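*Asks:* After the structure tokens below, expect a handful of questions from me.
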Amino acid sequence: MIGNACPQPIEDAVCAVRESARSSSTSDLHIEPNAPPWSRVDGDLQPMAAREIDSDTIRSFCEAYLGKRESERLSGPHGSADGAIQHPRLGSIRIHAFRSDRGIGLSLRLLRSEVPTLSTLRLPPIVSAFADYPHGLVLFTGPTGSGKSTALAGLIDEINERHSRHIVTVEDPIEYRHHNKRSLIRQREIGRDVGSYNESVRGLLRADPDVISIGELRDADVMSACLQAGETGHLVFSTLHTAEAAETVQRIVGSFDGSRQEQVRMQLAQSLQAIVSLRLVADSSGIGRHAACEILINNAAVRSQLCAPERLLHIRNTIEVSRKDGMQTLEMDLSRLVREGLITLEAAIAASDYPDQIKSPSSVR
């Protein structure tokens with residue numbers, strides 16, 4: 001539901017962030033009763049110089065912008081609710097409301113109104129090539145707030161620019177609104193249009209899609225449906241909260257019972273096209289962030305490793321020696337960003353699980 005205006009104190013806080021000099025660097029706004037809001041700027045959380053927001057204002061905001069189903073989830077045993085709005089003044093916002101010991105709190109993700117492009121995201125050129133895949137599974141992974149959904153939206157837009165395809169997305173909630181260009185795009189929202197990701201994927205196959213985008217692989221049923229869709233001629237995109245490619249494979253396989261794991265490994269070997277693992281790292285100037293990513297392409301060597309559980313640990317080694325195929329470890333990309341002066345060595349080390357593999361500019365001279 002979208003009203004003409006949201007409760008004034010919250011509206012003031014959102015507008016202040018949108019109009020600030022660092023608006024493009026602010027990703028989230030956190031609100032709790034009887035306290036000033038906090039904002040996340042370039043990944044760092046900081047209190048705002050704004051008035052306190054009371055519990056009645058927060059409740060009014062929830063009543064105005066959350067649908068009946070989500071309002072019932074918030075007040076019921078579930079204790080939380082999700083939604084998204086596109087407001088003429090406030091822009092696009094993803095809403096998460098939740099109960100806590102202090103009352104109802106809000107976490108607002110401030111989205112850009114326009115769909116991001118791959119060029120503005122400055123991802124490696126190989127990512128753009130994924131738009132030309134005829135079928136298979138492409139995954140974007142990383143921690144919360146690493147840019148997975150944004151990168152996925154950019155890739156969907158790339159397909160929309162290049163190809164005449166039927167694209168169907170399932171999101172919870174819808175974040176970026178796509179408009180038909182060369183492709184026909186239909187976006188479905190969990191709770192509003194369909195009950196769950198699992199229900200949606202199986203139903204989507206009857207809608208004659210060429211491309212399917214699933215917001216998140218949340219359980220084994222959704223993973224299984226996406227693997228099957230990738231095997232049967234569809235191009236499937238999704239996200240997963242994992243840190244690197246090898247961990248992503250292990251997470252998917254480990255979601256299934258032992259009796260099914262061999263079958264899942266074989267399905268991955270056949271349908272997986274690529275995995276992109278993302279981190280956002282602060283710019284060396286202190287303003288803005290850069291996307292650093294690990295890229296796995298499912299070539300012959302990776303395919304053989306996917307089929308053999310004892311060889312999964314060798315996936316990282318394959319990435320390291322397959323740069324000519326467009327692959328790179330996160331540490332390779334972090335080292336590049338350090339070398340180009342875009343991020344500091346300290347920031348690169350903090351973002352890495354393998355800090356000893358970060359190369360400083362002096363070490364490559």
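Identifiers for the structure tokens are assigned positionally: chains receive A, B, ... in sequence, residues are indexed from 1 per chain, and ligands are indexed from 1 in the order shown.
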Which polymer residues have any atom within 9 Å of an atom of region 334-341 of chain A, counting only C-alpha atoms, with same-chain residues fewer than 5 positions away left out, as a VMD selection string?
*Replies:* chain A and resid 281 283 to 284 290 292 to 293 329 347 to 349 351 to 352 357 to 362 364
*Asks:* Export, as an mmCIF file, in the first residue's frame, the selected residues with N, CA and C atoms.
*Replies:*
data_model
loop_
_atom_site.group_PDB
_atom_site.id
_atom_site.type_symbol
_atom_site.label_atom_id
_atom_site.label_comp_id
_atom_site.auth_asym_id
_atom_site.auth_seq_id
_atom_site.Cartn_x
_atom_site.Cartn_y
_atom_site.Cartn_z
ATOM 1 N N VAL A 281 34.105 -2.719 -0.689
ATOM 2 C CA VAL A 281 35.258 -2.241 0.075
ATOM 3 C C VAL A 281 35.338 -0.722 -0.042
ATOM 4 N N ASP A 283 36.353 3.046 -0.520
ATOM 5 C CA ASP A 283 37.301 3.760 -1.378
ATOM 6 C C ASP A 283 38.407 4.362 -0.516
ATOM 7 N N SER A 284 39.591 4.466 -1.093
ATOM 8 C CA SER A 284 40.737 4.996 -0.347
ATOM 9 C C SER A 284 40.532 6.442 0.082
ATOM 10 N N HIS A 290 33.921 0.177 -3.523
ATOM 11 C CA HIS A 290 34.195 -0.544 -4.767
ATOM 12 C C HIS A 290 33.806 -2.010 -4.603
ATOM 13 N N ALA A 292 34.528 -5.734 -5.133
ATOM 14 C CA ALA A 292 35.589 -6.703 -5.424
ATOM 15 C C ALA A 292 34.928 -8.061 -5.543
ATOM 16 N N CYS A 293 35.357 -8.876 -6.492
ATOM 17 C CA CYS A 293 34.647 -10.138 -6.673
ATOM 18 C C CYS A 293 35.551 -11.301 -7.061
ATOM 19 N N THR A 329 40.279 -14.973 -8.101
ATOM 20 C CA THR A 329 39.926 -15.048 -6.688
ATOM 21 C C THR A 329 39.617 -13.639 -6.191
ATOM 22 N N ALA A 347 42.312 -1.969 3.965
ATOM 23 C CA ALA A 347 40.912 -2.303 3.664
ATOM 24 C C ALA A 347 40.826 -3.627 2.924
ATOM 25 N N ALA A 348 41.778 -3.877 2.041
ATOM 26 C CA ALA A 348 41.789 -5.136 1.290
ATOM 27 C C ALA A 348 42.013 -6.320 2.223
ATOM 28 N N ILE A 349 42.935 -6.170 3.137
ATOM 29 C CA ILE A 349 43.229 -7.248 4.090
ATOM 30 C C ILE A 349 42.013 -7.526 4.969
ATOM 31 N N ALA A 351 38.940 -7.189 4.190
ATOM 32 C CA ALA A 351 37.856 -7.784 3.401
ATOM 33 C C ALA A 351 38.136 -9.220 2.995
ATOM 34 N N SER A 352 39.335 -9.713 3.245
ATOM 35 C CA SER A 352 39.758 -11.013 2.722
ATOM 36 C C SER A 352 39.771 -12.102 3.783
ATOM 37 N N GLN A 357 47.385 -13.551 0.819
ATOM 38 C CA GLN A 357 47.429 -13.581 -0.641
ATOM 39 C C GLN A 357 47.178 -12.220 -1.266
ATOM 40 N N ILE A 358 46.981 -11.178 -0.442
ATOM 41 C CA ILE A 358 46.850 -9.830 -0.951
ATOM 42 C C ILE A 358 48.237 -9.297 -1.315
ATOM 43 N N LYS A 359 48.383 -8.823 -2.535
ATOM 44 C CA LYS A 359 49.675 -8.317 -2.993
ATOM 45 C C LYS A 359 49.667 -6.802 -2.935
ATOM 46 N N SER A 360 50.631 -6.233 -2.196
ATOM 47 C CA SER A 360 50.767 -4.788 -2.130
ATOM 48 C C SER A 360 51.472 -4.296 -3.391
ATOM 49 N N PRO A 361 51.349 -3.001 -3.710
ATOM 50 C CA PRO A 361 52.017 -2.472 -4.912
ATOM 51 C C PRO A 361 53.520 -2.738 -4.921
ATOM 52 N N SER A 362 54.157 -2.666 -3.761
ATOM 53 C CA SER A 362 55.608 -2.875 -3.715
ATOM 54 C C SER A 362 56.011 -4.301 -4.022
ATOM 55 N N VAL A 364 54.746 -6.265 -6.270
ATOM 56 C CA VAL A 364 54.600 -6.664 -7.678
ATOM 57 C C VAL A 364 55.490 -5.843 -8.594
#
*Asks:* Apply DSSP to the backbone of this structure and, from region 142-335 of chain A, keep only the residues in strand (DSSP E); write these as a ChimeraX atom specification.
*Replies:* /A:166-171,184-189,211-214,235-240,272-282,289-297
*Asks:* Would you put the residues from that selection into a file with C-alpha atoms, as a short mmCIF file (atom, residue, chain, number, x, y, z; two decimals), in the first residue's frame?
*Replies:*
data_model
loop_
_atom_site.label_atom_id
_atom_site.label_comp_id
_atom_site.auth_asym_id
_atom_site.auth_seq_id
_atom_site.Cartn_x
_atom_site.Cartn_y
_atom_site.Cartn_z
CA HIS A 166 10.71 -13.68 -21.59
CA ILE A 167 12.18 -12.85 -18.17
CA VAL A 168 10.32 -13.71 -14.96
CA THR A 169 11.63 -12.63 -11.55
CA VAL A 170 10.52 -13.72 -8.08
CA GLU A 171 11.57 -11.37 -5.30
CA LEU A 184 9.24 -9.00 -21.81
CA ILE A 185 9.79 -8.79 -18.04
CA ARG A 186 7.31 -9.92 -15.38
CA GLN A 187 8.12 -9.46 -11.71
CA ARG A 188 6.41 -11.43 -8.95
CA GLU A 189 6.58 -10.67 -5.23
CA VAL A 211 15.16 -16.39 -18.04
CA ILE A 212 14.21 -16.96 -14.39
CA SER A 213 15.55 -14.78 -11.57
CA ILE A 214 14.98 -16.06 -8.02
CA LEU A 235 18.79 -19.42 -17.83
CA VAL A 236 18.45 -19.11 -14.04
CA PHE A 237 19.89 -16.45 -11.73
CA SER A 238 19.83 -16.36 -7.95
CA THR A 239 21.74 -15.32 -4.82
CA LEU A 240 23.17 -17.12 -1.80
CA LEU A 272 26.15 -24.40 -13.21
CA GLN A 273 27.56 -21.68 -15.46
CA ALA A 274 29.23 -19.27 -13.05
CA ILE A 275 29.49 -18.04 -9.45
CA VAL A 276 30.29 -14.41 -8.61
CA SER A 277 31.19 -13.75 -4.94
CA LEU A 278 31.05 -10.06 -3.99
CA ARG A 279 32.41 -7.76 -1.30
CA LEU A 280 32.07 -3.98 -1.07
CA VAL A 281 35.26 -2.24 0.08
CA ALA A 282 35.64 1.41 1.12
CA ARG A 289 32.89 1.80 -2.09
CA HIS A 290 34.19 -0.54 -4.77
CA ALA A 291 32.92 -4.00 -5.65
CA ALA A 292 35.59 -6.70 -5.42
CA CYS A 293 34.65 -10.14 -6.67
CA GLU A 294 35.69 -13.73 -7.06
CA ILE A 295 34.58 -15.34 -10.31
CA LEU A 296 34.21 -19.04 -11.02
CA ILE A 297 33.42 -20.27 -14.53
#
*Asks:* Name all residues at most 8 Å from Glu175 (chain A) (count only C-alpha atoms; drop same-chain ones fewer than 6 positions away) and give them as a list in words.
*Replies:*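 Here the answer would be Ala84, Ser92, Ile93, Arg94 and Leu111 of chain A.
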*Asks:* Take the selection from the previous step and output its residues with C-alpha atoms, as a PDB file, in the first residue's frame.
*Replies:*
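The file below, out26.pdb, is the result:
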ATOM      1  CA  ALA A  84       8.868  -2.249  -0.468  1.00  0.00           C
ATOM      2  CA  SER A  92      12.466   3.319  -3.609  1.00  0.00           C
ATOM      3  CA  ILE A  93      12.744   1.776  -0.154  1.00  0.00           C
ATOM      4  CA  ARG A  94      12.876  -1.811   1.084  1.00  0.00           C
ATOM      5  CA  LEU A 111      17.415   1.879  -3.174  1.00  0.00           C
TER       6      LEU A 111
END
*Asks:* Under the rule of at most 8 Å, produce a per-residue listing of region 75-178 of chain A near region 221-233 of chain A: chain, number, name, the closest pair of atoms, and the distance in Å, as a tab-separated table, using only C-alpha atoms.
*Replies:*
residue	atom	partner	partner_atom	distance
A:Pro134	CA	A:Gly233	CA	7.3
A:His135	CA	A:Gly233	CA	5.1
A:Gly136	CA	A:Gly230	CA	4.1
A:Leu137	CA	A:Gly230	CA	5.4
*Asks:* A:Gly83, A:Val249, A:Arg69, A:Leu342: which is nearest Ser285 (chain A), counting only C-alpha atoms?
*Replies:*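 Selected residue with least distance to Ser285 (chain A): A:Leu342.
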*Asks:* Using backbone DSSP assignments, extract all alpha helix (DSSP H) residues from region 11-50 of chain A; output them as a list in words.
*Replies:*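 Alpha helix (DSSP H) members of region 11-50 of chain A, listed: Glu11, Asp12, Ala13, Val14, Cys15, Ala16, Val17, Arg18 and Glu19 of chain A.
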*Asks:* Those residues with N, CA and C atoms, as a short mmCIF file (atom, residue, chain, number, x, y, z; two decimals), in the first residue's frame please?
*Replies:*
data_model
loop_
_atom_site.label_atom_id
_atom_site.label_comp_id
_atom_site.auth_asym_id
_atom_site.auth_seq_id
_atom_site.Cartn_x
_atom_site.Cartn_y
_atom_site.Cartn_z
N GLU A 11 9.66 10.58 7.39
CA GLU A 11 9.82 11.23 6.08
C GLU A 11 10.99 12.23 6.12
N ASP A 12 11.09 13.00 7.19
CA ASP A 12 12.17 13.97 7.31
C ASP A 12 13.53 13.29 7.31
N ALA A 13 13.63 12.16 8.02
CA ALA A 13 14.90 11.46 8.11
C ALA A 13 15.31 10.90 6.75
N VAL A 14 14.36 10.30 6.03
CA VAL A 14 14.68 9.74 4.71
C VAL A 14 15.06 10.86 3.74
N CYS A 15 14.31 11.95 3.76
CA CYS A 15 14.61 13.07 2.86
C CYS A 15 15.97 13.66 3.17
N ALA A 16 16.32 13.76 4.45
CA ALA A 16 17.62 14.30 4.83
C ALA A 16 18.74 13.45 4.27
N VAL A 17 18.56 12.13 4.29
CA VAL A 17 19.57 11.22 3.75
C VAL A 17 19.64 11.35 2.22
N ARG A 18 18.47 11.36 1.59
CA ARG A 18 18.42 11.45 0.12
C ARG A 18 19.06 12.74 -0.39
N GLU A 19 18.93 13.82 0.36
CA GLU A 19 19.41 15.13 -0.08
C GLU A 19 20.82 15.46 0.40
#
*Asks:* Let me make sure I understand: among A:Cys62, A:Val302, A:Ala129, A:Leu152, which one has the smallest atom-to-atom distance to Phe98 (chain A) if we use only C-alpha atoms?
*Replies:* A:Cys62
*Asks:* Let me make sure I understand: among A:Leu306, A:Val127, A:Leu205, A:Leu90, which one has the smallest atom-to-atom distance to Gln328 (chain A) if we use only C-alpha atoms?
*Replies:*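 When distances to Gln328 (chain A) are compared using only C-alpha atoms, the smallest one comes from A:Val127.
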*Asks:* Closest to Arg99 (chain A) among A:Gly154, A:Ile31, A:Ser183, A:Arg112, using only C-alpha atoms?
*Replies:*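 Answer, going by the shortest atom-to-atom distance: A:Ile31.
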*Asks:* Just give me the gap between CA of Gln250 (chain A) and CA of Leu312 (chain A) in Å, one decimal is fine.
*Replies:*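 Value for the CA of Gln250 (chain A)-CA of Leu312 (chain A) distance: 7.9 Å.
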*Asks:* Could you tell me how far CA of Ala64 (chain A) sits from CA of His87 (chain A), in Å to one decimal place?
*Replies:*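 According to the coordinates, CA of His87 (chain A) and CA of Ala64 (chain A) are separated by 12.1 Å.
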*Asks:* Which of these residues is nearest to Thr144 (chain A), using only C-alpha atoms: A:Asp353, A:Glu72, A:Glu216, A:Glu52?
*Replies:*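 Comparing A:Asp353, A:Glu72, A:Glu216, A:Glu52 against Thr144 (chain A), the winner is A:Glu216.
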*Asks:* To one decimal place in Å, what is the distance between CA of Asn34 (chain A) and CA of Asp172 (chain A)?
*Replies:*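 Interatomic distance, CA of Asn34 (chain A) to CA of Asp172 (chain A): 29.1 Å.
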*Asks:* Show which residues sit within 10 Å of Thr117 (chain A), as a short mmCIF file (atom, residue, chain, number, x, y, z; two decimals) with N, CA and C atoms, in the first residue's frame. Count only C-alpha atoms, and ignore same-chain residues fewer than 3 positions away.
*Replies:*
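In the end it all went to part_31.cif:
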data_model
loop_
_atom_site.label_atom_id
_atom_site.label_comp_id
_atom_site.auth_asym_id
_atom_site.auth_seq_id
_atom_site.Cartn_x
_atom_site.Cartn_y
_atom_site.Cartn_z
N GLU A 114 16.44 4.13 -10.34
CA GLU A 114 16.73 3.57 -11.65
C GLU A 114 17.39 2.20 -11.51
N THR A 120 28.00 0.92 -14.62
CA THR A 120 28.12 1.78 -13.44
C THR A 120 28.57 0.99 -12.21
N LEU A 121 28.29 -0.31 -12.19
CA LEU A 121 28.73 -1.14 -11.07
C LEU A 121 30.20 -1.52 -11.17
N ARG A 122 30.78 -1.32 -12.34
CA ARG A 122 32.22 -1.57 -12.58
C ARG A 122 32.62 -3.01 -12.24
N LEU A 123 31.78 -3.94 -12.64
CA LEU A 123 32.11 -5.36 -12.49
C LEU A 123 32.98 -5.79 -13.66
N SER A 128 29.30 -9.35 -17.83
CA SER A 128 28.39 -8.95 -18.89
C SER A 128 28.12 -10.09 -19.86
N THR A 150 21.82 -6.02 -6.38
CA THR A 150 22.09 -4.94 -7.32
C THR A 150 22.78 -5.47 -8.57
N ALA A 151 23.77 -6.33 -8.39
CA ALA A 151 24.46 -6.93 -9.54
C ALA A 151 23.50 -7.78 -10.37
N LEU A 152 22.63 -8.52 -9.70
CA LEU A 152 21.66 -9.35 -10.40
C LEU A 152 20.70 -8.49 -11.22
N ALA A 153 20.25 -7.38 -10.64
CA ALA A 153 19.37 -6.46 -11.37
C ALA A 153 20.08 -5.88 -12.58
N GLY A 154 21.37 -5.57 -12.44
CA GLY A 154 22.14 -5.05 -13.56
C GLY A 154 22.27 -6.05 -14.69
N LEU A 155 22.42 -7.32 -14.34
CA LEU A 155 22.55 -8.35 -15.37
C LEU A 155 21.21 -8.60 -16.07
N ILE A 156 20.12 -8.55 -15.32
CA ILE A 156 18.79 -8.66 -15.94
C ILE A 156 18.59 -7.51 -16.93
N ASP A 157 19.01 -6.31 -16.55
CA ASP A 157 18.89 -5.16 -17.45
C ASP A 157 19.74 -5.36 -18.70
N GLU A 158 20.89 -5.99 -18.55
CA GLU A 158 21.76 -6.25 -19.70
C GLU A 158 21.07 -7.18 -20.70
#
*Asks:* May I have the residues within 9 Å of Asp219 (chain A) as a list in words, using only C-alpha atoms and disregarding those fewer than 6 positions away in the same chain?
*Replies:* Asn198, Ile252 and Ser255 of chain A
*Asks:* Skipping near chain neighbours, those fewer than 3 positions away, what residues fall within 8 Å of Ser25 (chain A) using only C-alpha atoms, listed as a PyMOL selection string?
*Replies:* chain A and resi 22+41-42+287-289
*Asks:* Please produce an output containing C-alpha atoms for each residue in the selection, written as a compact mmCIF listing (two decimals), in the first residue's frame.
*Replies:*
# COMPACT_ATOMS: atom_id res chain seq x y z
CA ARG A 22 26.76 11.54 0.56
CA VAL A 41 27.26 5.29 5.14
CA ASP A 42 29.87 3.38 3.11
CA ILE A 287 33.89 8.31 0.18
CA GLY A 288 32.18 5.52 -1.75
CA ARG A 289 32.89 1.80 -2.09
*Asks:* Leaving out Arg316 (chain A) and any residue of its chain fewer than 4 positions from it, which residues lie within 8 Å of it when counting only C-alpha atoms, given as a PyMOL selection string?
*Replies:* chain A and resi 245-246+320+329
*Asks:* Please write the residues from the selection above to a file, keeping N, CA and C atoms, as a PDB file, in the first residue's frame.
*Replies:*
ATOM      1  N   ALA A 245      33.326 -19.352  -3.872  1.00  0.00           N
ATOM      2  CA  ALA A 245      32.748 -20.344  -4.775  1.00  0.00           C
ATOM      3  C   ALA A 245      32.736 -21.751  -4.172  1.00  0.00           C
ATOM      4  N   ALA A 246      33.849 -22.174  -3.609  1.00  0.00           N
ATOM      5  CA  ALA A 246      33.909 -23.523  -3.046  1.00  0.00           C
ATOM      6  C   ALA A 246      32.895 -23.693  -1.921  1.00  0.00           C
ATOM      7  N   GLU A 320      42.597 -19.873  -9.379  1.00  0.00           N
ATOM      8  CA  GLU A 320      43.866 -19.143  -9.367  1.00  0.00           C
ATOM      9  C   GLU A 320      44.646 -19.285 -10.660  1.00  0.00           C
ATOM     10  N   THR A 329      40.279 -14.973  -8.101  1.00  0.00           N
ATOM     11  CA  THR A 329      39.926 -15.048  -6.688  1.00  0.00           C
ATOM     12  C   THR A 329      39.617 -13.639  -6.191  1.00  0.00           C
TER      13      THR A 329
END
